[in-house]
Each structure stands twice: as structure tokens, then as C-alpha cells.
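Q: Contents of coords.txt (compact mmCIF, C-alpha atoms) are below:
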```
# COMPACT_ATOMS: atom_id res chain seq x y z
CA MET A 1 16.16 8.34 -26.51
CA ALA A 2 15.89 4.61 -26.08
CA ASN A 3 19.14 2.79 -26.79
CA THR A 4 18.35 -0.52 -28.46
CA SER A 5 21.48 -2.28 -27.16
CA ILE A 6 20.22 -1.73 -23.61
CA ASN A 7 17.60 -4.12 -22.30
CA ASN A 8 16.01 -3.72 -18.89
CA GLY A 9 12.83 -5.41 -20.08
CA VAL A 10 10.87 -2.19 -20.32
CA ASN A 11 9.24 -1.35 -23.64
CA VAL A 12 9.98 2.36 -23.58
CA ASP A 13 8.97 2.83 -27.22
CA ALA A 14 5.48 1.54 -26.42
CA LEU A 15 5.27 3.89 -23.42
CA LEU A 16 6.39 6.89 -25.45
CA ALA A 17 3.85 5.97 -28.15
CA ALA A 18 1.14 5.69 -25.47
CA ARG A 19 2.10 9.13 -24.20
CA GLU A 20 1.72 10.60 -27.68
CA ALA A 21 -1.62 8.82 -28.20
CA LEU A 22 -3.02 9.94 -24.84
CA LYS A 23 -2.07 13.56 -25.47
CA GLY A 24 -4.88 13.61 -28.03
CA ALA A 25 -7.30 11.52 -25.91
CA PRO A 26 -7.12 12.71 -22.30
CA GLN A 27 -10.32 10.84 -21.39
CA ALA A 28 -8.56 7.52 -22.05
CA ALA A 29 -5.92 8.47 -19.43
CA LYS A 30 -8.51 8.37 -16.64
CA PHE A 31 -8.01 5.11 -14.76
CA LYS A 32 -9.84 3.47 -11.89
CA TRP A 33 -8.02 0.84 -9.84
CA ARG A 34 -10.05 -1.45 -7.61
CA ALA A 35 -9.79 -3.89 -4.73
CA SER A 36 -12.38 -6.01 -2.89
CA CYS A 37 -11.74 -6.92 0.71
CA LYS A 38 -13.47 -9.63 2.70
CA TRP A 39 -13.19 -9.88 6.47
CA MET A 40 -12.17 -13.40 7.50
CA ASN A 41 -11.95 -13.31 11.32
CA GLY A 42 -10.33 -11.06 13.88
CA THR A 43 -7.87 -8.76 12.11
CA HIS A 44 -7.47 -11.21 9.21
CA SER A 45 -8.83 -10.16 5.81
CA ASN A 46 -8.47 -11.27 2.23
CA THR A 47 -8.34 -8.72 -0.59
CA THR A 48 -8.65 -9.51 -4.28
CA VAL A 49 -7.54 -7.41 -7.23
CA GLN A 50 -8.43 -8.07 -10.84
CA GLY A 51 -10.60 -5.60 -12.75
CA PHE A 52 -9.77 -1.97 -13.46
CA HIS A 53 -10.86 0.74 -15.84
CA GLY A 54 -8.62 2.53 -18.31
CA LEU A 55 -8.17 3.52 -21.95
CA GLY A 56 -11.91 4.14 -22.01
CA GLU A 57 -13.00 0.62 -21.14
CA GLU A 58 -13.06 -2.12 -18.54
CA GLN A 59 -9.75 -4.00 -18.23
CA LYS A 60 -8.68 -7.11 -16.37
CA HIS A 61 -5.42 -8.51 -15.04
CA LYS A 62 -4.58 -11.89 -16.59
CA THR A 63 -5.12 -13.48 -13.19
CA GLU A 64 -6.85 -12.53 -9.95
CA PHE A 65 -4.36 -11.51 -7.26
CA THR A 66 -5.30 -12.23 -3.64
CA PHE A 67 -3.70 -10.89 -0.48
CA ASP A 68 -4.08 -11.94 3.13
CA ALA A 69 -3.52 -9.25 5.73
CA ASP A 70 -3.43 -9.62 9.48
CA HIS A 71 -1.76 -8.32 12.60
CA PRO A 72 1.20 -10.14 14.20
CA GLU A 73 1.04 -12.38 17.27
CA ILE A 74 2.42 -9.63 19.55
CA PHE A 75 -0.90 -7.83 18.91
CA ALA A 76 -2.77 -10.98 19.98
CA SER A 77 -3.57 -11.80 16.32
CA GLU A 78 -2.92 -14.85 14.15
CA ASP A 79 -0.23 -13.35 11.87
CA LEU A 80 -1.86 -14.86 8.77
CA GLY A 81 -0.60 -12.12 6.47
CA ALA A 82 1.46 -8.95 6.20
CA THR A 83 0.15 -5.96 8.11
CA PRO A 84 -1.73 -3.21 6.25
CA VAL A 85 1.15 -0.75 6.79
CA GLU A 86 3.60 -3.25 5.28
CA TYR A 87 1.39 -3.39 2.15
CA VAL A 88 1.95 0.35 1.82
CA LEU A 89 5.72 -0.31 1.79
CA VAL A 90 5.24 -3.02 -0.87
CA GLY A 91 3.40 -0.49 -3.03
CA LEU A 92 6.06 2.18 -2.56
CA ALA A 93 8.97 -0.22 -3.15
CA SER A 94 7.51 -1.70 -6.32
CA CYS A 95 6.49 1.69 -7.72
CA LEU A 96 9.92 3.24 -7.30
CA THR A 97 11.65 0.08 -8.57
CA ALA A 98 9.53 -0.16 -11.74
CA GLY A 99 10.29 3.52 -12.29
CA VAL A 100 14.02 2.95 -11.95
CA ALA A 101 13.85 0.24 -14.65
CA ALA A 102 11.80 2.42 -16.99
CA VAL A 103 13.88 5.57 -16.54
CA ALA A 104 17.17 3.64 -16.89
CA GLN A 105 15.88 2.08 -20.11
CA ASN A 106 14.90 5.48 -21.46
CA ARG A 107 18.35 6.88 -20.59
CA GLY A 108 20.24 3.95 -22.11
CA ILE A 109 21.52 2.63 -18.78
CA GLN A 110 21.83 -1.13 -18.45
CA LEU A 111 20.75 -2.33 -15.00
CA ARG A 112 22.30 -5.45 -13.53
CA SER A 113 20.54 -5.49 -10.16
CA VAL A 114 18.25 -3.21 -8.19
CA GLU A 115 17.33 -3.71 -4.57
CA ALA A 116 15.43 -1.44 -2.24
CA ARG A 117 15.21 -1.67 1.52
CA LEU A 118 12.35 0.23 3.13
CA GLU A 119 11.78 1.11 6.74
CA GLY A 120 8.75 2.97 8.07
CA SER A 121 8.72 4.35 11.62
CA MET A 122 5.45 4.37 13.49
CA ASP A 123 4.60 5.14 17.09
CA ILE A 124 1.69 2.85 17.95
CA GLN A 125 0.60 5.18 20.72
CA GLY A 126 -1.38 6.73 17.85
CA ILE A 127 -3.48 3.73 16.77
CA LEU A 128 -3.92 2.61 20.39
CA GLY A 129 -5.35 6.02 21.26
CA ILE A 130 -2.82 6.62 24.06
CA ASP A 131 -1.73 10.05 22.89
CA SER A 132 -3.85 12.06 20.47
CA ASP A 133 -0.80 14.12 19.46
CA VAL A 134 0.79 10.99 17.96
CA ARG A 135 -0.35 10.28 14.43
CA ASN A 136 -1.71 6.85 13.46
CA GLY A 137 0.47 6.34 10.41
CA TYR A 138 4.15 6.42 9.62
CA ASP A 139 6.04 9.44 10.88
CA ASP A 140 8.83 8.70 8.42
CA ILE A 141 9.69 6.25 5.65
CA LYS A 142 13.23 5.66 4.45
CA VAL A 143 13.99 3.96 1.12
CA THR A 144 17.56 2.85 0.36
CA PHE A 145 18.40 1.63 -3.13
CA THR A 146 21.39 -0.56 -3.95
CA ILE A 147 21.85 -0.52 -7.71
CA ASP A 148 24.40 -2.23 -9.90
CA ALA A 149 24.33 -0.63 -13.34
CA ASP A 150 26.44 0.45 -16.21
CA ALA A 151 26.52 4.08 -15.05
CA SER A 152 28.16 6.49 -12.63
CA LYS A 153 26.83 6.97 -9.10
CA LYS A 154 25.65 10.42 -10.19
CA ASP A 155 23.70 9.05 -13.16
CA ILE A 156 22.19 6.31 -10.99
CA GLU A 157 21.11 8.90 -8.44
CA ALA A 158 19.51 10.92 -11.23
CA VAL A 159 17.58 7.84 -12.39
CA VAL A 160 16.26 7.26 -8.85
CA ALA A 161 15.34 10.94 -8.52
CA GLN A 162 13.38 10.84 -11.78
CA SER A 163 11.59 7.64 -10.71
CA GLN A 164 10.61 9.38 -7.46
CA LYS A 165 9.38 12.41 -9.39
CA ARG A 166 7.03 10.27 -11.50
CA SER A 167 6.01 7.72 -8.85
CA ALA A 168 2.28 7.38 -8.19
CA VAL A 169 2.72 5.77 -4.77
CA TYR A 170 5.39 8.24 -3.64
CA ASP A 171 2.91 11.00 -4.47
CA ILE A 172 0.02 9.24 -2.69
CA ILE A 173 2.09 8.90 0.50
CA THR A 174 3.86 12.24 0.56
CA ASN A 175 0.88 14.39 -0.44
CA PRO A 176 -2.66 14.43 0.95
CA THR A 177 -5.08 12.20 -0.97
CA ASN A 178 -8.81 12.37 -0.49
CA VAL A 179 -10.44 9.18 0.83
CA THR A 180 -14.20 8.82 1.30
CA VAL A 181 -15.47 5.96 3.46
CA GLU A 182 -19.14 4.98 3.27
CA VAL A 183 -21.45 2.24 4.48
CA ALA A 184 -23.73 0.88 1.73
CA MET B 1 -16.50 -2.60 27.47
CA ALA B 2 -15.88 -5.93 25.82
CA ASN B 3 -18.93 -8.16 25.83
CA THR B 4 -17.82 -11.77 26.27
CA SER B 5 -20.81 -13.23 24.41
CA ILE B 6 -19.66 -11.40 21.28
CA ASN B 7 -16.86 -12.97 19.26
CA ASN B 8 -15.35 -11.29 16.23
CA GLY B 9 -12.03 -13.04 16.82
CA VAL B 10 -10.35 -9.92 18.17
CA ASN B 11 -8.75 -10.15 21.60
CA VAL B 12 -9.81 -6.71 22.80
CA ASP B 13 -8.80 -7.43 26.39
CA ALA B 14 -5.22 -8.07 25.25
CA LEU B 15 -5.24 -4.83 23.23
CA LEU B 16 -6.58 -2.81 26.16
CA ALA B 17 -3.92 -4.39 28.41
CA ALA B 18 -1.24 -3.50 25.85
CA ARG B 19 -2.51 0.07 25.82
CA GLU B 20 -2.19 0.27 29.60
CA ALA B 21 1.29 -1.30 29.53
CA LEU B 22 2.54 1.02 26.77
CA LYS B 23 1.31 4.11 28.60
CA GLY B 24 4.13 3.50 31.05
CA ALA B 25 6.69 2.49 28.40
CA PRO B 26 6.36 4.83 25.41
CA GLN B 27 9.68 3.65 23.95
CA ALA B 28 8.21 0.18 23.40
CA ALA B 29 5.48 1.76 21.25
CA LYS B 30 8.03 2.84 18.63
CA PHE B 31 7.77 0.39 15.74
CA LYS B 32 9.70 0.01 12.51
CA TRP B 33 8.07 -1.91 9.65
CA ARG B 34 10.25 -3.12 6.79
CA ALA B 35 10.16 -4.45 3.26
CA SER B 36 12.89 -5.57 0.84
CA CYS B 37 12.29 -5.26 -2.86
CA LYS B 38 14.19 -6.95 -5.64
CA TRP B 39 13.87 -5.92 -9.26
CA MET B 40 13.14 -8.95 -11.46
CA ASN B 41 12.85 -7.58 -15.01
CA GLY B 42 11.01 -4.74 -16.69
CA THR B 43 8.42 -3.39 -14.27
CA HIS B 44 8.24 -6.70 -12.38
CA SER B 45 9.57 -6.78 -8.81
CA ASN B 46 9.35 -9.07 -5.83
CA THR B 47 9.06 -7.67 -2.31
CA THR B 48 9.48 -9.64 0.89
CA VAL B 49 8.24 -8.79 4.37
CA GLN B 50 9.24 -10.57 7.54
CA GLY B 51 11.22 -8.73 10.21
CA PHE B 52 10.09 -5.66 12.10
CA HIS B 53 10.99 -3.83 15.29
CA GLY B 54 8.66 -3.21 18.20
CA LEU B 55 8.17 -3.57 21.94
CA GLY B 56 11.84 -2.69 22.27
CA GLU B 57 13.22 -5.59 20.25
CA GLU B 58 13.45 -7.26 16.87
CA GLN B 59 10.34 -9.19 15.89
CA LYS B 60 9.49 -11.55 13.06
CA HIS B 61 6.35 -12.67 11.29
CA LYS B 62 5.81 -16.44 11.56
CA THR B 63 6.44 -16.70 7.83
CA GLU B 64 8.02 -14.55 5.15
CA PHE B 65 5.42 -12.90 2.93
CA THR B 66 6.37 -12.25 -0.70
CA PHE B 67 4.62 -10.04 -3.23
CA ASP B 68 5.02 -9.76 -6.97
CA ALA B 69 4.20 -6.40 -8.49
CA ASP B 70 4.09 -5.47 -12.15
CA HIS B 71 2.26 -3.32 -14.66
CA PRO B 72 -0.54 -4.73 -16.84
CA GLU B 73 -0.26 -5.72 -20.49
CA ILE B 74 -1.90 -2.51 -21.70
CA PHE B 75 1.27 -0.76 -20.44
CA ALA B 76 3.39 -3.19 -22.49
CA SER B 77 4.32 -5.14 -19.33
CA GLU B 78 3.96 -8.80 -18.35
CA ASP B 79 1.18 -8.41 -15.73
CA LEU B 80 2.98 -10.74 -13.31
CA GLY B 81 1.53 -9.07 -10.21
CA ALA B 82 -0.79 -6.38 -8.92
CA THR B 83 0.23 -2.80 -9.67
CA PRO B 84 1.90 -0.71 -6.95
CA VAL B 85 -1.17 1.53 -6.65
CA GLU B 86 -3.38 -1.53 -6.13
CA TYR B 87 -1.12 -2.54 -3.21
CA VAL B 88 -2.00 0.78 -1.61
CA LEU B 89 -5.69 -0.15 -1.88
CA VAL B 90 -4.95 -3.56 -0.29
CA GLY B 91 -3.30 -1.80 2.64
CA LEU B 92 -6.17 0.65 3.08
CA ALA B 93 -8.87 -2.04 2.75
CA SER B 94 -7.24 -4.39 5.25
CA CYS B 95 -6.48 -1.62 7.74
CA LEU B 96 -10.04 -0.30 7.83
CA THR B 97 -11.49 -3.83 7.91
CA ALA B 98 -9.31 -4.96 10.84
CA GLY B 99 -10.36 -1.79 12.61
CA VAL B 100 -14.04 -2.51 12.04
CA ALA B 101 -13.61 -5.95 13.65
CA ALA B 102 -11.71 -4.53 16.63
CA VAL B 103 -14.06 -1.61 17.26
CA ALA B 104 -17.16 -3.81 16.87
CA GLN B 105 -15.69 -6.27 19.37
CA ASN B 106 -14.99 -3.47 21.82
CA ARG B 107 -18.56 -2.15 21.43
CA GLY B 108 -20.17 -5.57 21.81
CA ILE B 109 -21.39 -5.77 18.23
CA GLN B 110 -21.38 -9.21 16.62
CA LEU B 111 -20.26 -9.05 13.00
CA ARG B 112 -21.57 -11.60 10.51
CA SER B 113 -19.85 -10.34 7.37
CA VAL B 114 -17.79 -7.33 6.33
CA GLU B 115 -16.87 -6.49 2.78
CA ALA B 116 -15.21 -3.40 1.39
CA ARG B 117 -15.04 -2.31 -2.22
CA LEU B 118 -12.36 0.25 -3.05
CA GLU B 119 -11.92 2.37 -6.12
CA GLY B 120 -9.08 4.81 -6.69
CA SER B 121 -9.22 7.32 -9.55
CA MET B 122 -5.99 8.25 -11.25
CA ASP B 123 -5.26 10.28 -14.35
CA ILE B 124 -2.19 8.67 -15.91
CA GLN B 125 -1.33 11.91 -17.70
CA GLY B 126 0.56 12.53 -14.44
CA ILE B 127 2.91 9.53 -14.42
CA LEU B 128 3.39 9.76 -18.19
CA GLY B 129 4.52 13.37 -17.83
CA ILE B 130 1.90 14.68 -20.28
CA ASP B 131 0.53 17.39 -18.02
CA SER B 132 2.52 18.64 -15.03
CA ASP B 133 -0.69 19.96 -13.43
CA VAL B 134 -1.98 16.38 -13.11
CA ARG B 135 -0.71 14.60 -10.01
CA ASN B 136 0.94 11.17 -10.27
CA GLY B 137 -1.15 9.46 -7.60
CA TYR B 138 -4.82 8.96 -6.90
CA ASP B 139 -6.97 12.06 -7.09
CA ASP B 140 -9.66 10.30 -5.05
CA ILE B 141 -10.26 6.97 -3.31
CA LYS B 142 -13.73 5.71 -2.43
CA VAL B 143 -14.28 2.92 0.10
CA THR B 144 -17.74 1.32 0.37
CA PHE B 145 -18.42 -1.09 3.22
CA THR B 146 -21.21 -3.66 3.20
CA ILE B 147 -21.61 -4.96 6.73
CA ASP B 148 -23.98 -7.52 8.16
CA ALA B 149 -23.98 -7.19 11.94
CA ASP B 150 -26.17 -7.35 14.99
CA ALA B 151 -26.54 -3.55 15.14
CA SER B 152 -28.43 -0.61 13.67
CA LYS B 153 -27.21 1.14 10.54
CA LYS B 154 -26.31 4.10 12.76
CA ASP B 155 -24.19 1.97 15.11
CA ILE B 156 -22.49 0.27 12.16
CA GLU B 157 -21.65 3.67 10.66
CA ALA B 158 -20.20 4.73 13.99
CA VAL B 159 -17.98 1.61 14.07
CA VAL B 160 -16.69 2.40 10.57
CA ALA B 161 -16.07 6.03 11.52
CA GLN B 162 -14.07 4.99 14.59
CA SER B 163 -12.03 2.51 12.53
CA GLN B 164 -11.25 5.33 10.07
CA LYS B 165 -10.24 7.61 12.94
CA ARG B 166 -7.67 5.07 14.22
CA SER B 167 -6.48 3.69 10.88
CA ALA B 168 -2.76 3.91 10.20
CA VAL B 169 -3.12 3.54 6.43
CA TYR B 170 -6.01 6.01 6.18
CA ASP B 171 -3.75 8.52 7.94
CA ILE B 172 -0.75 7.72 5.69
CA ILE B 173 -2.83 8.31 2.55
CA THR B 174 -4.88 11.32 3.61
CA ASN B 175 -2.06 13.24 5.34
CA PRO B 176 1.44 14.04 4.09
CA THR B 177 4.05 11.50 5.17
CA ASN B 178 7.76 12.15 4.84
CA VAL B 179 9.63 9.75 2.53
CA THR B 180 13.39 9.89 2.01
CA VAL B 181 14.87 8.06 -0.98
CA GLU B 182 18.62 7.37 -1.09
CA VAL B 183 21.12 5.43 -3.12
CA ALA B 184 23.55 3.40 -0.99
```
The structure in this file should be written as C-alpha cells.
A:
Amino acid sequence: MANTSINNGVNVDALLAAREALKGAPQAAKFKWRASCKWMNGTHSNTTVQGFHGLGEEQKHKTEFTFDADHPEIFASEDLGATPVEYVLVGLASCLTAGVAAVAQNRGIQLRSVEARLEGSMDIQGILGIDSDVRNGYDDIKVTFTIDADASKKDIEAVVAQSQKRSAVYDIITNPTNVTVEVA
Amino acid sequence: MANTSINNGVNVDALLAAREALKGAPQAAKFKWRASCKWMNGTHSNTTVQGFHGLGEEQKHKTEFTFDADHPEIFASEDLGATPVEYVLVGLASCLTAGVAAVAQNRGIQLRSVEARLEGSMDIQGILGIDSDVRNGYDDIKVTFTIDADASKKDIEAVVAQSQKRSAVYDIITNPTNVTVEVA
């Protein structure tokens, strides 16, 4: 039950209403998220995000978001943006954090501050093709939350656990997801 | 073999030298990538990326990169940034695109333009907890490259396939990756 004296800035009533509405209209729950990437030079690219599909029709973010990605100078690159693997951490961090705010709101827990530190370990012998037994991606990601809230440590841990349970990006990373790559 | 008349802006010689050097120093190949996320309000967060660990010591991007993430207005949010799941697409797009440039350079293929369109399908009955048989994350991601290069369609497809084979983010998404979430 949402507690109206608690305000984490999440409109839980609207989300619960959406859940009820979508129960009767499962087709509207099918979303498509999109990104368009343009190669700039070397390992530098620029990706834009704006349109998506959901609730049965085309949708648009209020603004177009653009993201530069690159490799750092120690890989003989220009370091003009975060690395692709760091973008994965941004997605995971923001997904779990939004979930913490939403779950806390739903449980009547006032948040004062939420911070997450993420660290992903990766042996670059994989991407360099030195050892085919070493995977290309992260072998492990650790997320550490520091949360100041009007609740016990146990209740805060339960909020984080529920956020994890409902996180789209946590699921994408921890479970296999099908990716098809084609040339037009 | 790198062909010196070809210039995609990737220093393949440096990468091949790094591969040779790291063969004799596997400890230096162990990297840690990091991100720090701060909850702003509601589903809005801000994540910063700067420091990382690699080649046996602490490293730093030239600048700090910061990323706002949020949910769109149709989820009763402020739409102050891309969604977490869109950040995953940014990571995948930029990883595969950097790989295309590097592999093309190594194979002596001059690129003129590279664009990738990504679309991830997601049934939000998962994250809303409507149907526990529906996963939270993407059920499928499709990447479509449009590449203008001095090479046959077959050779271009082979470049894309090799990029996919060595992509860190492709691996993270398509294979299970361990994530530990803790409260400090």
C-alpha cells in the first residue's frame, strides 16, 4: 500500500493502475526499445536514443539522448566517451536504483539518499584473443548500495532484493538473452 | 596484417603489440570497470564513470562521463534521461561498432560509414509483476548494420561476425554473467 506521507518521487498509484490496465490488454505491454549508432572514427561512436514502441503505439522521449563511446588512451584510442562495458554498468546501476525508489515508495519507506558503486571484473585476454578459455565480457559484477532511509537495515535489504527481482537490466545480464546481428 | 594505406582510425599495430605484451603478463590483463550512481528523485538517477583498473594500476578517463537515466512520461516519470534498458543497447551498439572498425583495419578494409540500428523487445508484464512467466529483460535484441566499405558484402559480413565473436557486451548479454548486489 502506498503511504501518502512518504514521497520518493515515484507515482506508485499510477504504476499500480497501469498494472491493472495491462492485465486486460497484454498486447499493450509489448515494448520495443531502440538505439541508432553511428561510427565516428577509430573506436569512437555516437549513439542516439529517442523513439520507442509501447502501449500499442509509437512513443518518443521528450528529447533525443546522445552518447559518445570510445576506448581509453591505454588502448591507443582517443578516450572520447565511456567504454561500451561501462555503459552496461550505467544501465544496471540506474535500473536497480529506480527500482529501489519505486519499491521503497510502495512499502512506505522514505528514502533520504541512495548511492550505488559498481565494479565489473574483466580479463581482457578474452577480447584480445590471447586465451580462448577467457570470456570476452565481465566475469563478475559487484553492486554495493549505500542507502539512508527511514527503515531498518533488514527492511532496506528487502527493498534492494525486490528491486533486483524486478530489474530488467539485472535479468538481461544474469540470464542469456538472444541477440541477432545482421548486415542490411 | 595491417595495411598501412587503410585508415579507419584504429591503431591495430598498438593493439597487436599489447596482445603480445599481455601474453607474458596475464595479471596486467585483469581489468576492473566502475560506475557510481546517485539517486536524484523518483526513477531519475545520475551515474558517473571515470576511474578504472588495468595494466596493473589505477587508470582514469581524461574526463568524467555522467549519465542521467529515468523512465518516460508514460510510466508517470519525468523522462530526464534514457531508460536503463536503452543504456544496454548503447553499450552493445558501441561495442560491436568499435569492433567492426578494428577488425576492418586489421583486414585492410577501408570503411566509409558504419551505422547500426538496434531494437530490443520487452514485455513489461515482467517488470510489473503481472505474469511471473514473463521475464523482466529483453526477450530478443536485433542489431542491423548498414556499412559502406571498400569490400564485398561477404567480406563485410565476415568483419561483423568477427566483431561479434570478440565483443565484450555481446558476451555479457548473450551469456549469463554473475552479479552480486549488497547493501553496505
Q: Nearest residue to chain B out of A:Gly91, A:Gly126, A:Gly51, A:Gly108, using all atoms listed in the file?
A: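 Checking each candidate against chain B, we get A:Gly91 as the closest.
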Q: Nearest to chain A: which of B:Lys60, B:Arg107, B:Lys30, B:Arg135 is it, counting all atoms listed in the file?
A: B:Lys30
Q: So which residues are close to (-10.5, 7.2, -2.3), meaning at most 7 Å away in the file's coordinates with only C-alpha atoms counted, and can you show them as a list in words?
A: Asn178, Val179 and Thr180 of chain A; Glu119, Gly120, Asp140, Ile141, Lys142 and Val143 of chain B
Q: Calculate, to one decimal in Å, the centre and edge lengths of the box along x, y and z of the file that holds all listed atoms of range 161-164 of chain A with 8 Å of margin on each side, and present them as AutoDock Vina command-line options.
A:
```
--center_x 13.0 --center_y 9.3 --center_z -9.6 --size_x 20.7 --size_y 19.3 --size_z 20.3
```
Q: Would you work out the distance separating CA of Val114 in chain A from CA of Tyr138 in chain A, expressed in Å to one decimal?
A: 24.7 Å
Q: Looking at B:Ala76, B:Ile109, B:Ala149, B:Val134, which one is nearest to chain A, with distances taken over all atoms listed in the file?
A: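 Smallest distance to chain A is found for B:Ala76.
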Q: Which of these, B:Ser36, B:Gln105, B:Thr63, B:Asn46, has the shortest distance to chain A once you count all atoms listed in the file?
A: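 Counting all atoms listed in the file, the residue closest to chain A is B:Ser36.
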